[in-house]
Each structure stands twice: as structure tokens, then as C-alpha cells.
>>> print(open('target_14.txt').read())   # compact mmCIF, C-alpha atoms and all ligand atoms
# COMPACT_ATOMS: atom_id res chain seq x y z
CA MET X 1 47.78 31.50 132.18
CA SER X 2 44.91 31.70 134.68
CA LEU X 3 45.35 33.52 137.99
CA PHE X 4 45.17 30.17 139.77
CA ALA X 5 47.96 28.64 137.65
CA ASN X 6 50.03 31.81 138.05
CA LEU X 7 49.82 31.59 141.83
CA PHE X 8 51.01 27.99 141.90
CA CYS X 9 53.48 27.99 138.99
CA SER X 10 55.51 31.20 139.38
CA SER X 11 57.92 32.14 142.10
CA ILE X 12 56.13 35.40 142.92
CA GLY X 13 52.82 33.51 142.90
CA ARG X 14 54.17 31.10 145.50
CA LYS X 15 55.38 34.02 147.62
CA ILE X 16 51.90 35.53 147.48
CA LEU X 17 50.39 32.14 148.41
CA MET X 18 52.75 31.96 151.39
CA ALA X 19 51.75 35.45 152.48
CA LEU X 20 48.00 34.84 152.11
CA THR X 21 48.03 31.48 153.86
CA GLY X 22 50.29 33.02 156.54
CA LEU X 23 47.69 35.72 157.06
CA ILE X 24 44.96 33.11 157.56
CA LEU X 25 47.14 31.22 160.08
CA VAL X 26 48.03 34.42 161.97
CA GLY X 27 44.31 35.25 162.18
CA PHE X 28 43.59 31.80 163.60
CA ALA X 29 46.53 32.01 166.05
CA PHE X 30 45.35 35.33 167.54
CA GLY X 31 41.69 34.27 167.63
CA HIS X 32 42.64 31.01 169.35
CA LEU X 33 44.69 32.88 171.94
CA VAL X 34 41.77 35.18 172.77
CA GLY X 35 39.53 32.13 173.23
CA ASN X 36 42.13 30.36 175.38
CA LEU X 37 42.65 33.34 177.70
CA GLN X 38 39.15 32.57 179.04
CA ILE X 39 40.94 29.99 181.20
CA PHE X 40 41.60 32.92 183.57
CA SER X 41 37.87 33.40 183.97
CA HIS X 42 35.07 31.17 185.35
CA PRO X 43 35.15 27.57 183.87
CA ASP X 44 31.72 28.31 182.33
CA LYS X 45 33.46 30.59 179.85
CA ILE X 46 35.98 28.30 178.17
CA ASN X 47 33.74 25.23 178.52
CA GLY X 48 30.73 27.05 177.03
CA TYR X 49 32.90 28.52 174.29
CA ALA X 50 34.26 25.07 173.29
CA VAL X 51 30.73 23.63 173.09
CA PHE X 52 29.56 26.63 171.08
CA LEU X 53 32.40 26.07 168.55
CA HIS X 54 31.56 22.37 168.26
CA GLN X 55 27.86 23.23 167.80
CA THR X 56 28.70 25.16 164.63
CA GLY X 57 29.07 21.69 163.01
CA PRO X 58 29.61 22.13 159.25
CA LEU X 59 31.11 25.60 159.78
CA LEU X 60 33.69 24.13 162.15
CA TRP X 61 34.61 21.56 159.50
CA VAL X 62 34.90 24.22 156.82
CA ALA X 63 37.25 26.15 159.13
CA ARG X 64 39.25 23.01 159.95
CA ILE X 65 39.64 22.01 156.29
CA GLY X 66 40.51 25.61 155.38
CA LEU X 67 43.18 25.69 158.10
CA LEU X 68 44.60 22.36 157.02
CA ALA X 69 44.74 23.54 153.40
CA ALA X 70 46.41 26.79 154.49
CA VAL X 71 49.06 24.84 156.45
CA GLY X 72 49.64 22.47 153.51
CA ILE X 73 49.95 25.27 150.92
CA HIS X 74 52.15 27.33 153.26
CA ILE X 75 54.58 24.44 153.73
CA TRP X 76 54.53 23.49 150.04
CA ALA X 77 55.23 27.08 148.90
CA ALA X 78 58.02 27.46 151.49
CA THR X 79 59.66 24.21 150.34
CA MET X 80 59.44 25.16 146.65
CA LEU X 81 60.87 28.63 147.29
CA THR X 82 63.75 27.18 149.33
CA LEU X 83 64.59 24.71 146.57
CA GLU X 84 64.41 27.45 143.94
CA ASN X 85 66.68 29.71 146.01
CA LYS X 86 69.19 26.89 146.39
CA ARG X 87 69.18 26.24 142.63
CA ALA X 88 69.49 29.92 141.73
CA ARG X 89 72.37 30.52 144.15
CA GLY X 90 75.78 30.93 142.52
CA PRO X 91 79.04 30.22 144.40
CA GLU X 92 79.93 33.94 144.29
CA ALA X 93 76.79 34.75 146.29
CA TYR X 94 78.53 33.41 149.39
CA ALA X 95 80.68 36.55 149.38
CA VAL X 96 77.75 38.94 149.59
CA LYS X 97 76.92 40.06 153.12
CA THR X 98 73.21 40.74 152.47
CA TRP X 99 72.82 37.24 151.11
CA ILE X 100 74.26 35.80 154.34
CA ARG X 101 71.80 37.90 156.36
CA ALA X 102 68.90 36.73 154.21
CA THR X 103 70.00 33.11 154.57
CA MET X 104 70.24 33.39 158.37
CA ALA X 105 66.69 34.74 158.52
CA SER X 106 65.27 32.12 156.19
CA ARG X 107 67.18 29.36 157.95
CA TYR X 108 65.82 30.33 161.31
CA ILE X 109 62.30 30.76 159.98
CA ARG X 110 62.58 27.26 158.50
CA TRP X 111 63.74 25.69 161.76
CA THR X 112 61.16 27.50 163.86
CA GLY X 113 58.62 26.32 161.27
CA TYR X 114 59.63 22.67 161.82
CA VAL X 115 59.26 23.01 165.61
CA VAL X 116 55.88 24.75 165.23
CA LEU X 117 54.65 21.92 163.00
CA ALA X 118 55.82 19.30 165.52
CA PHE X 119 54.12 21.29 168.29
CA ILE X 120 50.80 21.47 166.40
CA ILE X 121 50.83 17.70 165.82
CA TYR X 122 51.50 17.11 169.54
CA HIS X 123 48.91 19.73 170.51
CA LEU X 124 46.17 18.11 168.41
CA ALA X 125 46.99 14.71 169.93
CA HIS X 126 46.90 16.32 173.40
CA PHE X 127 43.79 18.52 173.43
CA THR X 128 41.74 17.59 170.34
CA LEU X 129 42.17 13.81 170.17
CA GLY X 130 43.08 13.16 173.81
CA SER X 131 45.60 10.50 172.84
CA THR X 132 48.60 11.74 174.87
CA HIS X 133 46.79 12.03 178.25
CA PRO X 134 43.49 10.13 177.84
CA GLU X 135 42.91 10.14 181.61
CA ASP X 136 42.66 13.96 181.59
CA PHE X 137 40.71 14.32 178.34
CA LYS X 138 37.79 16.77 178.40
CA ASP X 139 35.12 14.03 178.33
CA GLN X 140 36.49 12.29 181.45
CA TYR X 141 35.03 14.79 183.95
CA PRO X 142 31.95 16.40 182.37
CA TYR X 143 31.09 19.84 183.66
CA VAL X 144 27.66 21.33 184.31
CA LEU X 145 27.34 24.94 183.15
CA THR X 146 26.21 27.22 185.97
CA HIS X 147 25.21 30.10 183.66
CA ASP X 148 23.94 30.35 180.08
CA TYR X 149 26.76 30.79 177.60
CA THR X 150 25.80 33.68 175.34
CA VAL X 151 27.26 34.87 172.05
CA LEU X 152 26.34 38.41 170.94
CA GLY X 153 23.45 38.35 173.39
CA PHE X 154 22.05 35.01 172.12
CA LYS X 155 21.91 31.96 174.35
CA ALA X 156 24.32 29.45 172.73
CA VAL X 157 24.52 26.87 175.56
CA ALA X 158 21.97 26.69 178.38
CA ALA X 159 22.83 26.65 182.09
CA GLY X 160 22.55 23.09 183.45
CA SER X 161 23.94 21.50 180.26
CA GLU X 162 26.52 18.81 180.86
CA VAL X 163 29.54 19.68 178.70
CA PRO X 164 33.13 18.41 178.22
CA ASN X 165 35.51 19.92 180.76
CA VAL X 166 38.04 21.75 178.58
CA TYR X 167 38.96 23.93 181.59
CA LEU X 168 40.11 20.98 183.67
CA MET X 169 41.82 19.28 180.70
CA VAL X 170 43.98 22.36 180.06
CA TYR X 171 44.61 22.80 183.77
CA ARG X 172 45.68 19.17 184.24
CA GLY X 173 47.79 19.29 181.06
CA PHE X 174 49.92 22.17 182.29
CA GLU X 175 50.40 20.82 185.79
CA SER X 176 53.01 18.58 184.17
CA ALA X 177 56.32 20.48 183.97
CA PRO X 178 57.66 18.81 180.77
CA VAL X 179 54.38 19.52 178.93
CA ALA X 180 54.11 23.14 180.15
CA ILE X 181 57.78 23.85 179.36
CA PHE X 182 57.45 22.31 175.89
CA TYR X 183 54.44 24.57 175.21
CA MET X 184 56.31 27.63 176.45
CA ILE X 185 59.33 26.92 174.22
CA ALA X 186 57.09 26.14 171.24
CA VAL X 187 55.07 29.35 171.55
CA GLY X 188 58.35 31.28 171.90
CA LEU X 189 59.57 29.82 168.60
CA LEU X 190 56.16 30.33 167.02
CA SER X 191 56.30 34.02 168.02
CA LEU X 192 59.76 34.33 166.40
CA HIS X 193 58.38 32.63 163.30
CA LEU X 194 55.52 35.16 163.24
CA LEU X 195 57.92 38.06 163.77
CA HIS X 196 59.88 37.31 160.62
CA GLY X 197 56.91 35.88 158.70
CA VAL X 198 54.54 38.83 159.22
CA ASP X 199 57.32 41.26 158.32
CA SER X 200 57.98 39.43 155.02
CA LEU X 201 54.24 39.12 154.42
CA PHE X 202 53.84 42.92 154.22
CA GLN X 203 56.86 43.09 151.92
CA THR X 204 55.44 40.40 149.58
CA LEU X 205 52.00 42.00 149.43
CA GLY X 206 53.65 45.35 148.66
CA LEU X 207 52.18 46.91 151.80
CA ARG X 208 55.51 48.10 153.23
CA SER X 209 56.73 51.48 152.08
CA ALA X 210 60.03 53.14 153.01
CA THR X 211 58.21 55.82 155.02
CA TRP X 212 56.45 53.55 157.46
CA SER X 213 58.66 50.46 157.29
CA ASN X 214 60.20 51.07 160.75
CA CYS X 215 56.86 51.85 162.34
CA LEU X 216 55.36 48.69 160.84
CA ARG X 217 58.26 46.61 162.13
CA ARG X 218 57.68 47.98 165.65
CA VAL X 219 53.94 47.28 165.51
CA VAL X 220 54.60 43.72 164.30
CA ALA X 221 57.20 43.22 167.06
CA LEU X 222 54.78 44.50 169.72
CA LEU X 223 52.00 42.21 168.48
CA CYS X 224 54.37 39.22 168.50
CA ILE X 225 55.53 40.04 172.05
CA ALA X 226 51.88 40.33 173.18
CA TYR X 227 51.12 37.03 171.44
CA PHE X 228 54.06 35.35 173.16
CA LEU X 229 53.18 36.70 176.62
CA GLY X 230 49.52 35.73 176.24
CA ASN X 231 50.42 32.17 175.29
CA LEU X 232 53.17 31.96 177.91
CA ALA X 233 50.77 33.11 180.63
CA ILE X 234 48.52 30.03 180.40
CA PRO X 235 51.02 27.17 181.00
CA GLY X 236 53.19 29.55 183.10
CA ALA X 237 50.40 30.50 185.52
CA ILE X 238 49.21 26.90 185.92
CA LEU X 239 52.67 25.38 186.33
CA THR X 240 53.76 27.96 188.93
CA GLY X 241 50.44 27.72 190.83
CA VAL X 242 49.63 31.41 190.19
CA LEU X 243 46.37 30.14 188.68
CA GLN X 244 44.53 27.77 191.00
CA PRO X 245 41.75 25.61 189.54
CA HIS X 246 38.38 27.27 189.99
CA PRO X 247 36.29 25.51 192.72
CA ALA X 248 33.38 25.09 190.25
CA ALA X 249 35.50 22.88 187.98
CA GLN X 250 36.79 20.83 190.91
CA VAL X 251 33.37 20.26 192.48
CA HIS X 252 32.09 18.69 189.28
CA GLN X 253 35.24 16.65 188.90
CA THR X 254 34.91 15.17 192.42
CA ALA X 255 31.18 14.53 191.95
CA ASN X 256 31.85 12.64 188.75
CA VAL X 257 34.69 10.52 190.12
CA GLN X 258 32.54 9.47 193.10
CA ASN X 259 29.68 8.41 190.83
C1 LIG Z 301 48.82 27.79 175.82
C2 LIG Z 301 48.46 27.70 174.60
C3 LIG Z 301 47.28 26.92 174.07
C4 LIG Z 301 46.20 26.37 174.69
C5 LIG Z 301 45.83 26.43 176.17
C6 LIG Z 301 45.39 25.72 173.69
C7 LIG Z 301 44.21 25.05 173.92
C8 LIG Z 301 43.52 24.30 172.99
C9 LIG Z 301 42.38 23.46 173.28
C10 LIG Z 301 41.76 23.30 174.65
C11 LIG Z 301 41.97 22.89 172.12
C12 LIG Z 301 40.81 21.87 171.93
C13 LIG Z 301 39.50 22.59 171.90
C14 LIG Z 301 38.34 21.60 171.84
O1 LIG Z 301 38.44 20.58 171.19
O2 LIG Z 301 37.32 21.89 172.44
C15 LIG Z 301 42.87 23.36 171.08
C16 LIG Z 301 42.78 23.01 169.75
C17 LIG Z 301 43.61 23.50 168.78
N1 LIG Z 301 44.69 24.34 168.94
FE1 LIG Z 301 45.33 25.13 170.67
N2 LIG Z 301 45.99 25.91 172.47
C18 LIG Z 301 47.15 26.63 172.66
C19 LIG Z 301 48.04 27.03 171.68
C20 LIG Z 301 47.91 26.76 170.35
C21 LIG Z 301 48.79 27.25 169.33
C22 LIG Z 301 50.01 28.13 169.59
C23 LIG Z 301 48.33 26.76 168.14
C24 LIG Z 301 48.88 26.97 166.78
C25 LIG Z 301 49.04 28.15 166.28
C26 LIG Z 301 47.15 25.98 168.41
C27 LIG Z 301 46.40 25.34 167.46
C28 LIG Z 301 45.28 24.57 167.72
C29 LIG Z 301 44.52 23.85 166.70
C30 LIG Z 301 44.81 23.83 165.21
C31 LIG Z 301 43.47 23.19 167.37
C32 LIG Z 301 42.38 22.29 166.75
C33 LIG Z 301 41.11 23.07 166.58
C34 LIG Z 301 39.98 22.13 166.12
O3 LIG Z 301 39.58 21.26 166.89
O4 LIG Z 301 39.52 22.31 165.03
N3 LIG Z 301 46.90 26.02 169.76
N4 LIG Z 301 43.79 24.22 171.65
>>> encode(input="target_14.txt", output="C-alpha cells", more="lines below")
Ligand code: HEM
Amino acid sequence: MSLFANLFCSSIGRKILMALTGLILVGFAFGHLVGNLQIFSHPDKINGYAVFLHQTGPLLWVARIGLLAAVGIHIWAATMLTLENKRARGPEAYAVKTWIRATMASRYIRWTGYVVLAFIIYHLAHFTLGSTHPEDFKDQYPYVLTHDYTVLGFKAVAAGSEVPNVYLMVYRGFESAPVAIFYMIAVGLLSLHLLHGVDSLFQTLGLRSATWSNCLRRVVALLCIAYFLGNLAIPGAILTGVLQPHPAAQVHQTANVQN
């Protein structure tokens, strides 16, 4: 059997697929958080960054399709493994304590997975498609960059360019308590999902040895806490008023509305 068929057709292959696609999704999640934290800086930053990403054109589409495939394979492998586990389970297994522990963990990872999926669908409708709050979508109040946006020293977007106002869209989005609270709950559950998922990922890939298993668990827990706090900070700071909209973003908004 080819490597490809092995990955899709055997139970261990599906576990490896789950781990590898999980790794891709974790990489995206952390990268996305770093990009989003630019909301705490000048609006030029996040607005320039968003335009730069969109300017990558075909590369952006490759990344999008790759992410979508990773999500699809991750969910498919999880479903197959759950069904296999259910089939393989004998009635006597109910008596074994370790089995109960394993079931609790997989049950909660499954439920957090469902919420994360629902959140991503809502999130895409909110910030990528602008269908939940069209009045606050990024193209409603274009923003004029006050400085060049540079990447690795190269000018990616020139000062004076009129760009979509991602800064104001995010800001407006999280001024609404139900939206901000939903995001905070969802990123909490996503962080729990990562906590268990990343731990199992190292196990599946055979990267967890008895000697450093505890240390690894602590590092994973710390990363998940940092991920949670970083994501919590954005809706939290906007909803509580700790983060006030930058005057630069507001000036352009007012100018546009008056025109
Ligand atoms: C407070 C937290 C978050 C904020 C402020 C945020 C912000 C944004 C914004 C502004 C966009 C649209 C960018 C644009 O079109 O220019 C976006 C897209 C996206 N976000 Fe988030 N996000 C957050 C959390 C998350 C989380 C937790 C996930 C999932 C792990 C996620 C997944 C995505 C995806 C898949 C896209 C679509 C990217 C594309 O257009 O190809 N986001 N996010």
C-alpha cells in the first residue's frame, strides 16, 4: 500500500493525519494572533498588514485552500477515529478507570471542537465576508495609511494609500457585548481544545518520552494560556474601554461619513 493510502486507510495513519493537520492549524492560530495583536498599535499596522496579506494574491489562496483542507481532513480523521473507538469498545471496558478518563478527554475535545467550528463559521461571516454586521465592514470606512507599511524592510503598502479599515471593523465588532463575550468563550474553548490536542499530537508523532513528558505538558499548558490571554485581550480591552479607538482611525471614519 502506498504511504498516501496508508495514511487514509489505517487507524494509525488517521491519527498521524490528525496530528499533522492539527500542527498546521496551531501554526495558523498563533500566527493569526500575532497579526491581530497589532490592534494595540497604530491603525496603520493592522490595516497595512491586512492589505499586504491580500496583495499576496495566489499565495493567499494557496494558504486558504490548504487551511480548508487541513480543517476538513482533521474533522474527517476525528470522526473516523471516534466511530472506530465506539465499534472496538466492549461492554467490559466500562469498568476500566483509564478508559473512562480517556473517554472524558475525547468527549470534551469533541465538544470544544464543535464550538470552535461554529465560531470559525461565524467569524468568517463577521470579519471576512462582512455578512453579520455589513454596516461595520472594513470597506465601509476606508482608511488612508499615514506611513509606509514595510515587511522585512521592503515597502509593501505606500503611505497615502486608501485601504479597508480592518482596525475600525474589529473595534466596532467588539463594542457589542454579546459578540465580544461569544469570542471570549470561543477562544477559551479553543485554548482547551489546543491543550489536549497538542499534548496528544506529541504522543502520536512519538515525540513525547517519559523523561520530558511532564516538562512538555507544562510548556504546552503555558503556550495555551498565553494563546488564551492574547485572544482574550482584544475583545476584552475593547469591550471594557481599556482600548480606546486610535484618533487616526476615527478621523478617517468621520471624513468618510461626511463625504
Ligand atoms: C480576538 C480574536 C480574533 C480577531 C480580532 C480576529 C480578526 C480577524 C480579522 C480582522 C480577519 C479578516 C482579515 C481580512 O480579511 O483582512 C480574520 C480572518 C480570519 N480569522 Fe480571525 N480573528 C480572531 C480570532 C480567530 C481565531 C481564534 C481563529 C481560528 C483559529 C480565526 C480564524 C480566522 C480565519 C480562518 C480567517 C480568514 C482568513 C482569510 O481571509 O483567509 N480568527 N480574523
>>> residues_near_ligand(input="target_14.txt", ligand="ligand LIG 301 (chain Z)", cutoff="6 Å", atoms="only C-alpha atoms and all ligand atoms", output="list in words")
Ala29, Asn36, Ala50, Arg64, Ile120, Leu124, Phe127, Thr128, Val166, Val170, Val187, Asn231, Ile234 and Pro235 of chain X
>>> closest_residue(input="target_14.txt", among="X:Ser213, X:Thr150, X:Thr240, X:Asn165", to="Ala180 in chain X", atoms="all atoms listed in the file")
X:Thr240
>>> residues_around(input="target_14.txt", residues="range 214-216 of chain X", least_positions_apart="5", cutoff="12 Å", atoms="all atoms listed in the file", output="number ranges by chain")
X: 195, 198-203, 207-209, 221-223
>>> closest_residue(input="target_14.txt", among="X:Gly197, X:Tyr143, X:Ile39, X:Leu117", to="Cys224 in chain X", atoms="all atoms listed in the file")
X:Gly197
>>> closest_residue(input="target_14.txt", among="X:Tyr49, X:Ser11, X:Leu190, X:Gly241", to="Val151 in chain X", atoms="all atoms listed in the file")
X:Tyr49
>>> build_atoms(input="target_14.txt", residues="range 55-90 of chain X", atoms="N, CA and C atoms", output="CSV table (one decimal), in the coordinates of the input")
chain,number,residue,atom,x,y,z
X,55,GLN,N,29.3,23.2,168.3
X,55,GLN,CA,27.9,23.2,167.8
X,55,GLN,C,27.7,23.8,166.4
X,56,THR,N,28.8,24.5,166.0
X,56,THR,CA,28.7,25.2,164.6
X,56,THR,C,28.8,24.1,163.5
X,57,GLY,N,29.1,22.8,163.9
X,57,GLY,CA,29.1,21.7,163.0
X,57,GLY,C,29.8,21.9,161.7
X,58,PRO,N,29.0,22.0,160.6
X,58,PRO,CA,29.6,22.1,159.2
X,58,PRO,C,30.6,23.3,159.2
X,59,LEU,N,30.2,24.4,159.8
X,59,LEU,CA,31.1,25.6,159.8
X,59,LEU,C,32.5,25.3,160.4
X,60,LEU,N,32.4,24.5,161.5
X,60,LEU,CA,33.7,24.1,162.2
X,60,LEU,C,34.5,23.3,161.2
X,61,TRP,N,33.9,22.4,160.4
X,61,TRP,CA,34.6,21.6,159.5
X,61,TRP,C,35.2,22.4,158.3
X,62,VAL,N,34.4,23.3,157.9
X,62,VAL,CA,34.9,24.2,156.8
X,62,VAL,C,36.2,24.9,157.3
X,63,ALA,N,36.1,25.4,158.6
X,63,ALA,CA,37.2,26.2,159.1
X,63,ALA,C,38.4,25.2,159.3
X,64,ARG,N,38.2,24.0,159.8
X,64,ARG,CA,39.2,23.0,160.0
X,64,ARG,C,39.9,22.7,158.6
X,65,ILE,N,39.1,22.4,157.6
X,65,ILE,CA,39.6,22.0,156.3
X,65,ILE,C,40.4,23.2,155.7
X,66,GLY,N,39.8,24.4,155.9
X,66,GLY,CA,40.5,25.6,155.4
X,66,GLY,C,41.9,25.8,156.0
X,67,LEU,N,41.9,25.5,157.4
X,67,LEU,CA,43.2,25.7,158.1
X,67,LEU,C,44.2,24.7,157.6
X,68,LEU,N,43.7,23.4,157.5
X,68,LEU,CA,44.6,22.4,157.0
X,68,LEU,C,45.2,22.7,155.6
X,69,ALA,N,44.3,23.2,154.8
X,69,ALA,CA,44.7,23.5,153.4
X,69,ALA,C,45.7,24.7,153.5
X,70,ALA,N,45.5,25.7,154.4
X,70,ALA,CA,46.4,26.8,154.5
X,70,ALA,C,47.8,26.3,155.0
X,71,VAL,N,47.8,25.4,155.9
X,71,VAL,CA,49.1,24.8,156.4
X,71,VAL,C,49.8,24.1,155.3
X,72,GLY,N,49.0,23.3,154.6
X,72,GLY,CA,49.6,22.5,153.5
X,72,GLY,C,50.2,23.4,152.4
X,73,ILE,N,49.5,24.4,152.0
X,73,ILE,CA,50.0,25.3,150.9
X,73,ILE,C,51.1,26.1,151.4
X,74,HIS,N,51.1,26.5,152.7
X,74,HIS,CA,52.2,27.3,153.3
X,74,HIS,C,53.5,26.5,153.3
X,75,ILE,N,53.4,25.3,153.7
X,75,ILE,CA,54.6,24.4,153.7
X,75,ILE,C,55.1,24.1,152.3
X,76,TRP,N,54.1,23.8,151.4
X,76,TRP,CA,54.5,23.5,150.0
X,76,TRP,C,55.2,24.7,149.4
X,77,ALA,N,54.6,25.9,149.5
X,77,ALA,CA,55.2,27.1,148.9
X,77,ALA,C,56.6,27.4,149.5
X,78,ALA,N,56.7,27.2,150.8
X,78,ALA,CA,58.0,27.5,151.5
X,78,ALA,C,59.1,26.5,151.0
X,79,THR,N,58.7,25.2,150.8
X,79,THR,CA,59.7,24.2,150.3
X,79,THR,C,60.1,24.5,148.9
X,80,MET,N,59.1,24.9,148.0
X,80,MET,CA,59.4,25.2,146.6
X,80,MET,C,60.4,26.4,146.6
X,81,LEU,N,60.1,27.4,147.3
X,81,LEU,CA,60.9,28.6,147.3
X,81,LEU,C,62.3,28.4,147.8
X,82,THR,N,62.4,27.5,148.8
X,82,THR,CA,63.8,27.2,149.3
X,82,THR,C,64.5,26.4,148.3
X,83,LEU,N,63.9,25.5,147.6
X,83,LEU,CA,64.6,24.7,146.6
X,83,LEU,C,65.0,25.6,145.4
X,84,GLU,N,64.1,26.5,145.0
X,84,GLU,CA,64.4,27.4,143.9
X,84,GLU,C,65.6,28.3,144.3
X,85,ASN,N,65.6,28.8,145.6
X,85,ASN,CA,66.7,29.7,146.0
X,85,ASN,C,68.0,29.0,146.0
X,86,LYS,N,68.0,27.7,146.4
X,86,LYS,CA,69.2,26.9,146.4
X,86,LYS,C,69.7,26.7,145.0
X,87,ARG,N,68.8,26.4,144.0
X,87,ARG,CA,69.2,26.2,142.6
X,87,ARG,C,69.7,27.5,142.0
X,88,ALA,N,69.1,28.7,142.4
X,88,ALA,CA,69.5,29.9,141.7
X,88,ALA,C,70.8,30.5,142.3
X,89,ARG,N,71.2,29.9,143.5
X,89,ARG,CA,72.4,30.5,144.2
X,89,ARG,C,73.7,30.2,143.5
X,90,GLY,N,74.5,31.2,143.1
X,90,GLY,CA,75.8,30.9,142.5
X,90,GLY,C,76.8,30.9,143.6
